[in-house]
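Printed here is data-v4.txt (compact mmCIF, C-alpha atoms):
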# COMPACT_ATOMS: atom_id res chain seq x y z
CA MET A 1 18.21 14.79 -7.06
CA THR A 2 16.69 14.40 -10.53
CA ASP A 3 17.26 17.27 -12.94
CA PRO A 4 14.06 18.92 -14.17
CA ALA A 5 13.11 17.65 -17.63
CA PHE A 6 9.83 18.25 -19.37
CA ASP A 7 8.50 14.95 -20.77
CA GLU A 8 6.01 14.96 -23.63
CA VAL A 9 4.88 11.42 -22.87
CA VAL A 10 4.09 12.23 -19.25
CA HIS A 11 2.65 15.64 -20.09
CA ALA A 12 -0.78 14.44 -21.34
CA PRO A 13 -3.21 14.94 -18.41
CA GLN A 14 -4.48 11.35 -18.16
CA ARG A 15 -0.97 9.95 -18.42
CA LEU A 16 0.28 12.40 -15.81
CA ARG A 17 -2.54 11.36 -13.46
CA THR A 18 -1.90 7.68 -14.12
CA MET A 19 1.76 8.11 -13.29
CA ALA A 20 0.95 10.23 -10.23
CA LEU A 21 -1.25 7.40 -8.99
CA LEU A 22 1.42 4.76 -9.61
CA VAL A 23 4.10 6.88 -7.90
CA ALA A 24 1.80 7.44 -4.92
CA VAL A 25 1.17 3.72 -4.48
CA ALA A 26 4.77 2.68 -5.21
CA GLY A 27 3.50 -0.75 -6.11
CA GLN A 28 0.90 -2.32 -8.33
CA VAL A 29 -2.49 -0.89 -9.24
CA GLU A 30 -5.23 -2.73 -11.05
CA PHE A 31 -6.58 -1.35 -14.33
CA ALA A 32 -10.11 -0.92 -12.92
CA THR A 33 -8.80 1.03 -9.93
CA ILE A 34 -6.93 3.48 -12.17
CA ARG A 35 -10.00 3.82 -14.38
CA ASP A 36 -12.22 4.57 -11.38
CA VAL A 37 -9.82 7.06 -9.78
CA LEU A 38 -9.36 8.88 -13.09
CA SER A 39 -13.05 8.56 -14.06
CA VAL A 40 -12.25 7.63 -17.64
CA ALA A 41 -13.50 4.97 -20.05
CA ASP A 42 -11.67 1.66 -20.45
CA SER A 43 -10.71 2.52 -24.03
CA VAL A 44 -9.24 5.89 -23.03
CA LEU A 45 -7.16 4.37 -20.27
CA SER A 46 -6.01 1.51 -22.49
CA LYS A 47 -4.78 3.97 -25.08
CA HIS A 48 -2.77 5.95 -22.55
CA LEU A 49 -1.36 2.85 -20.89
CA LYS A 50 -0.15 1.64 -24.28
CA VAL A 51 1.73 4.91 -24.82
CA LEU A 52 3.31 4.66 -21.38
CA ARG A 53 4.24 1.03 -21.91
CA ASP A 54 5.75 1.74 -25.32
CA ALA A 55 7.84 4.47 -23.69
CA GLY A 56 9.07 1.94 -21.14
CA TYR A 57 7.48 3.83 -18.25
CA ILE A 58 5.13 1.11 -17.03
CA GLU A 59 4.79 -2.66 -17.03
CA LEU A 60 1.51 -4.48 -17.51
CA ARG A 61 0.93 -7.87 -15.90
CA LYS A 62 -1.98 -10.24 -16.35
CA PRO A 63 -1.65 -13.04 -13.83
CA THR A 64 -3.61 -16.10 -14.94
CA GLY A 65 -5.03 -18.97 -12.94
CA GLN A 66 -6.83 -16.75 -10.42
CA GLY A 67 -10.31 -16.61 -11.94
CA ARG A 68 -11.06 -13.44 -13.89
CA VAL A 69 -7.95 -12.08 -15.57
CA ARG A 70 -7.07 -8.64 -14.26
CA THR A 71 -4.47 -6.26 -15.57
CA TRP A 72 -2.00 -4.92 -13.01
CA VAL A 73 0.05 -1.83 -13.77
CA GLN A 74 3.42 -1.01 -12.26
CA LEU A 75 5.83 1.86 -12.77
CA THR A 76 9.29 1.04 -14.12
CA PRO A 77 12.43 2.76 -12.78
CA ALA A 78 12.60 4.74 -16.04
CA GLY A 79 8.99 5.80 -15.56
CA GLY A 80 9.67 6.92 -12.02
CA GLN A 81 12.63 9.00 -13.15
CA ALA A 82 10.70 10.56 -16.03
CA TYR A 83 7.81 11.47 -13.74
CA THR A 84 10.08 12.95 -11.07
CA ALA A 85 11.97 14.99 -13.66
CA HIS A 86 8.73 16.17 -15.26
CA VAL A 87 7.22 17.28 -11.95
CA ALA A 88 10.48 19.01 -11.05
CA ALA A 89 10.21 20.90 -14.34
CA LEU A 90 6.62 21.88 -13.53
CA ARG A 91 7.68 23.14 -10.11
CA GLU A 92 10.53 25.06 -11.67
CA ILE A 93 8.12 26.76 -14.08
CA VAL A 94 5.80 27.86 -11.28
CA GLY A 95 8.73 28.82 -9.09
CA ARG A 96 8.35 26.19 -6.40
CA THR A 97 11.15 24.23 -4.80
CA PRO A 98 11.42 20.88 -6.61
CA ASP A 99 10.79 18.80 -3.47
CA ALA A 100 9.35 15.31 -3.13
CA VAL A 101 6.31 14.44 -5.21
CA MET B 1 3.12 28.05 -19.69
CA GLU B 2 3.00 28.85 -15.98
CA ASN B 3 -0.75 28.36 -15.86
CA GLU B 4 -0.45 25.01 -17.57
CA ALA B 5 2.20 23.89 -15.10
CA GLU B 6 -0.05 24.95 -12.23
CA GLU B 7 -2.90 22.97 -13.76
CA GLN B 8 -0.71 19.89 -14.06
CA LEU B 9 0.39 20.14 -10.43
CA ALA B 10 -3.26 20.56 -9.43
CA LEU B 11 -4.11 17.41 -11.41
CA ILE B 12 -1.48 15.48 -9.46
CA ALA B 13 -2.85 16.77 -6.16
CA ASP B 14 -6.39 15.87 -7.20
CA THR B 15 -5.35 12.35 -8.22
CA ARG B 16 -3.58 11.72 -4.92
CA ALA B 17 -6.57 13.07 -2.99
CA ARG B 18 -8.93 10.78 -4.92
CA LEU B 19 -6.67 7.82 -4.23
CA ALA B 20 -6.49 8.70 -0.53
CA ALA B 21 -10.28 8.85 -0.36
CA ARG B 22 -10.48 5.39 -1.89
CA LEU B 23 -7.96 3.73 0.43
CA THR B 24 -10.32 2.52 3.11
CA THR B 25 -9.24 -0.94 4.09
CA PRO B 26 -12.16 -3.40 4.45
CA TRP B 27 -13.10 -3.98 8.12
CA TRP B 28 -12.39 -7.71 7.90
CA TYR B 29 -8.76 -7.23 6.87
CA HIS B 30 -7.46 -5.71 10.09
CA LEU B 31 -9.72 -7.91 12.22
CA SER B 32 -8.53 -11.11 10.50
CA LEU B 33 -4.89 -10.08 10.71
CA ALA B 34 -5.35 -9.23 14.39
CA ALA B 35 -7.03 -12.59 15.01
CA LEU B 36 -4.08 -14.41 13.44
CA MET B 37 -1.71 -12.51 15.72
CA GLY B 38 -3.94 -13.38 18.66
CA VAL B 39 -3.73 -17.07 17.79
CA LEU B 40 0.07 -16.81 17.81
CA VAL B 41 0.00 -15.19 21.25
CA LEU B 42 -2.25 -17.99 22.54
CA ALA B 43 0.02 -20.68 21.06
CA ILE B 44 3.06 -19.13 22.72
CA GLY B 45 1.28 -18.56 26.01
CA PHE B 46 -0.12 -22.06 26.32
CA GLY B 47 3.19 -23.56 25.25
CA VAL B 48 1.85 -25.99 22.71
CA GLY B 49 4.36 -28.58 21.55
CA THR B 50 6.79 -27.94 18.72
CA GLY B 51 4.67 -29.80 16.16
CA TRP B 52 1.52 -27.92 17.07
CA PHE B 53 3.37 -24.62 17.16
CA ALA B 54 4.75 -25.25 13.67
CA LEU B 55 1.19 -25.97 12.54
CA VAL B 56 -0.05 -22.71 14.08
CA VAL B 57 2.76 -20.74 12.41
CA ALA B 58 1.90 -22.39 9.07
CA VAL B 59 -1.78 -21.47 9.50
CA VAL B 60 -0.81 -17.87 10.31
CA VAL B 61 1.53 -17.61 7.31
CA VAL B 62 -1.01 -19.13 4.91
CA GLY B 63 -3.77 -17.01 6.45
CA GLU B 64 -1.77 -13.82 5.90
CA GLY B 65 -1.14 -14.87 2.30
CA VAL B 66 -4.87 -15.37 1.76
CA LEU B 67 -5.58 -12.01 3.40
CA ILE B 68 -3.08 -10.22 1.18
CA GLY B 69 -4.65 -11.83 -1.90
CA ALA B 70 -8.13 -10.81 -0.76
CA TYR B 71 -6.96 -7.26 -0.06
CA ARG B 72 -5.36 -6.95 -3.49
CA SER B 73 -8.45 -8.28 -5.17
CA THR B 74 -10.80 -6.00 -3.25
CA MET B 75 -8.78 -2.79 -3.26
CA GLY B 76 -7.03 -3.10 -6.62
CA VAL B 77 -3.87 -1.75 -5.04
CA TRP B 78 -0.83 -3.36 -3.57
CA THR B 79 2.18 -1.63 -2.11
CA ALA B 80 5.09 -3.97 -1.69
CA THR B 81 7.87 -1.49 -1.12
CA TRP B 82 8.85 0.69 1.81
CA ASP B 83 8.61 3.74 -0.47
CA GLY B 84 4.85 3.58 -0.72
CA PHE B 85 3.99 2.40 2.74
CA PRO B 86 4.13 4.31 6.01
CA SER B 87 7.00 2.16 7.25
CA SER B 88 7.12 3.85 10.65
CA THR B 89 3.76 2.33 11.55
CA VAL B 90 4.92 -1.10 10.38
CA TRP B 91 7.95 -0.92 12.67
CA VAL B 92 5.66 0.03 15.54
CA ALA B 93 3.49 -3.01 14.72
CA PHE B 94 6.58 -5.27 14.71
CA GLY B 95 7.63 -3.86 18.07
CA VAL B 96 4.16 -4.34 19.58
CA ALA B 97 3.97 -7.91 18.24
CA LEU B 98 7.37 -8.80 19.68
CA ALA B 99 6.45 -7.30 23.05
CA LEU B 100 3.19 -9.29 23.15
CA PHE B 101 4.93 -12.52 22.11
CA ALA B 102 7.57 -11.98 24.81
CA ALA B 103 4.92 -11.23 27.43
CA SER B 104 2.99 -14.36 26.48
CA ALA B 105 6.16 -16.46 26.70
CA ALA B 106 6.92 -14.94 30.11
CA VAL B 107 3.45 -15.87 31.36
CA HIS B 108 3.96 -19.41 30.11
CA LEU B 109 7.33 -19.73 31.83
CA TRP B 110 6.70 -18.00 35.14
CA ALA B 111 3.00 -17.44 35.83
CA ALA B 112 0.89 -19.96 37.72
CA VAL B 113 -2.36 -18.88 36.08
CA VAL B 114 -3.49 -18.82 32.45
CA TRP B 115 -5.93 -15.91 32.41
CA PRO B 116 -3.18 -13.37 31.51
CA ILE B 117 -2.69 -15.28 28.26
CA TRP B 118 -6.32 -14.65 27.29
CA VAL B 119 -5.92 -10.99 28.27
CA LEU B 120 -2.79 -10.72 26.12
CA ALA B 121 -4.61 -12.33 23.17
CA ALA B 122 -7.49 -9.85 23.55
CA VAL B 123 -5.02 -6.95 23.77
CA THR B 124 -3.34 -8.28 20.62
CA VAL B 125 -6.60 -8.35 18.65
CA VAL B 126 -7.73 -4.91 19.78
CA GLY B 127 -4.23 -3.47 19.39
CA PHE B 128 -3.70 -4.77 15.88
CA VAL B 129 -7.08 -3.51 14.68
CA ALA B 130 -6.12 -0.09 16.08
CA LEU B 131 -2.65 -0.28 14.49
CA GLY B 132 -4.21 -1.16 11.14
CA ARG B 133 -6.56 1.79 11.25
CA TRP B 134 -3.71 4.05 12.31
CA THR B 135 -1.59 2.82 9.38
CA ASP B 136 -4.45 3.57 6.98
CA ALA B 137 -4.87 7.05 8.42
CA VAL B 138 -1.13 7.80 8.17
CA TRP B 139 -1.06 6.59 4.58
CA ARG B 140 -4.06 8.68 3.57
CA ARG B 141 -2.68 11.76 5.34
CA ARG B 142 0.69 11.34 3.64
CA LEU B 143 -0.91 10.96 0.22
CA LYS B 144 -2.77 14.23 0.69
CA ALA B 145 0.19 16.05 2.25
CA ASP B 146 2.60 15.11 -0.54
CA ALA B 147 0.19 16.32 -3.17

Do you think you could lay out the structure here as structure tokens?
Amino acid sequence: MTDPAFDEVVHAPQRLRTMALLVAVAGQVEFATIRDVLSVADSVLSKHLKVLRDAGYIELRKPTGQGRVRTWVQLTPAGGQAYTAHVAALREIVGRTPDAV
Amino acid sequence: MENEAEEQLALIADTRARLAARLTTPWWYHLSLAALMGVLVLAIGFGVGTGWFALVVAVVVVGEGVLIGAYRSTMGVWTATWDGFPSSTVWVAFGVALALFAASAAVHLWAAVVWPIWVLAAVTVVGFVALGRWTDAVWRRRLKADA
């Protein structure tokens, strides 16, 4: 089990929601889908994705040769660990059992 | 601090609920996948020659690849790991497919009539559409429950 660890990178609400979405899917999510689920502007999401990518928590892929170029986002193992530890810390603060998230 | 943590956990729950609401597979996906499975059942049941059977398998494999691409493009989501997918429903689908393939082969080998093959193909199509919808429902329920 991952030890609880508060993560400043994950803590920002839009980044937390982005990571929650990626963890839930456990695969790849397109930029536009994240934007729509979070109801944020492209520029806002881009900014947060850059922070997550710089932290090594996500990978961005832009497959070419399939018409319009789309950006696909995927969680890295480090990102998954950081998210799990952060949520465990949140649960610890509110006094819940740090179960699966 | 406690309130903020509660708010963050609520944000996670809200995000997962929004995602669950969005995960409605297009009607054509399950129907097309079911039709491909039905074609396989027909090919086994009618005992087409090896060359034709290889062609049918190739069509099914390519067709599933095209379907996956279309799904990804339409939904903007792709789960390629057992962690994200309700694997129990996939195993049920494998089991059902194997049973239908075996039944179709049995009809080919031992039955004197061909109508059961058409019945099996119809059962395959209807069954796989139902399995697809069930998989979607399980996935959505799990997303909400884990929130």

Review point. B:Val90, B:Ala5, B:Val77, B:Val126: which is nearest Val73 (chain A), counting all atoms listed in the file?
Key: B:Val77

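For chain A, the residues having at least one atom no farther than 7 Å from chain B, when counting only C-alpha atoms, are Arg17, Ala20, Leu21, Ala24, Val25, Ala26, Gly27, Gln28, Val29, Glu30, Thr33, Val37, Leu90, Ile93, Val94 and Val101 of chain A.
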
Review point. What would the list of residues within 12 Å of (3.8, -20.9, 21.7) (file frame) look like as a ChimeraX atom specification, if only C-alpha atoms are what count?
Key: /B:37-57,100-109,117

Taking all listed atoms of region 51-59 of chain A, build the axis-aligned box, pad each of the six sides by 5 Å, then write its centre and edge lengths in Å to one decimal as JSON.
{"center_x": 5.4, "center_y": 1.1, "center_z": -21.2, "size_x": 17.3, "size_y": 17.6, "size_z": 18.3}

**Study point:** One-decimal distance in Å that lies between CA of His48 (chain A) and CA of Pro13 (chain A)
**Key:** 9.9 Å

Point to revise | All residues 9 Å or closer to His86 (chain A), all atoms listed in the file, same chain fewer than 3 positions away omitted, as a PyMOL selection string | key: chain A and resi 3-8+10-11+81-83+89-91

Review point. Residues at most 8 Å from Asp136 (chain B), counting all atoms listed in the file, excluding those fewer than 6 positions away in the same chain, as a ChimeraX atom specification?
Key: /B:23-25

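Interatomic distance, CA of Thr2 (chain A) against CA of Thr84 (chain A): 6.8 Å.
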
**Study point:** Atom-to-atom span, CA of Gln74 (chain A) and CA of Leu60 (chain A), Å
**Key:**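 So the answer is 6.6 Å.
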
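With distances restricted to only C-alpha atoms, A:Ile58 is the closest residue to Trp72 (chain A) from A:Val44, A:Ile58, A:Val23, A:Ala88.
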
Point to revise | Nearest-residue call for Val66 (chain B), choices B:Trp91, B:Tyr29, B:Trp134, B:Phe128, using only C-alpha atoms | key: B:Tyr29

Study note, to complete from the structure: Using only C-alpha atoms, the shortest atom-to-atom distance to Ser88 (chain B) among B:Tyr71, B:Val59, B:Leu131, B:Val119 belongs to B:Leu131

Point to revise | Best match for closeness to Thr71 (chain A) among A:Ala12, A:Met19, A:Leu38, A:Leu45, counting only C-alpha atoms | key: A:Leu45

Restricted to C-alpha atoms, what does region 33-56 of chain A look like when written out as a tab-separated table (two decimals), in the first residue's frame?
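out-v4.tsv, written as the output of this step:
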chain	number	residue	atom	x	y	z
A	33	THR	CA	-12.43	14.77	-23.54
A	34	ILE	CA	-10.56	15.99	-20.46
A	35	ARG	CA	-11.46	19.58	-21.32
A	36	ASP	CA	-15.15	18.69	-21.67
A	37	VAL	CA	-15.33	16.62	-18.49
A	38	LEU	CA	-13.57	19.36	-16.51
A	39	SER	CA	-15.45	22.19	-18.28
A	40	VAL	CA	-12.33	24.31	-18.66
A	41	ALA	CA	-10.79	26.31	-21.49
A	42	ASP	CA	-8.12	24.80	-23.73
A	43	SER	CA	-5.51	27.24	-22.41
A	44	VAL	CA	-6.26	26.37	-18.78
A	45	LEU	CA	-5.99	22.66	-19.41
A	46	SER	CA	-2.82	23.08	-21.46
A	47	LYS	CA	-1.19	24.95	-18.60
A	48	HIS	CA	-2.03	22.26	-16.08
A	49	LEU	CA	-1.01	19.43	-18.38
A	50	LYS	CA	2.37	21.11	-18.85
A	51	VAL	CA	2.89	21.19	-15.08
A	52	LEU	CA	1.95	17.52	-14.79
A	53	ARG	CA	4.18	16.57	-17.69
A	54	ASP	CA	7.12	18.52	-16.29
A	55	ALA	CA	6.64	16.65	-13.00
A	56	GLY	CA	6.78	13.37	-14.90
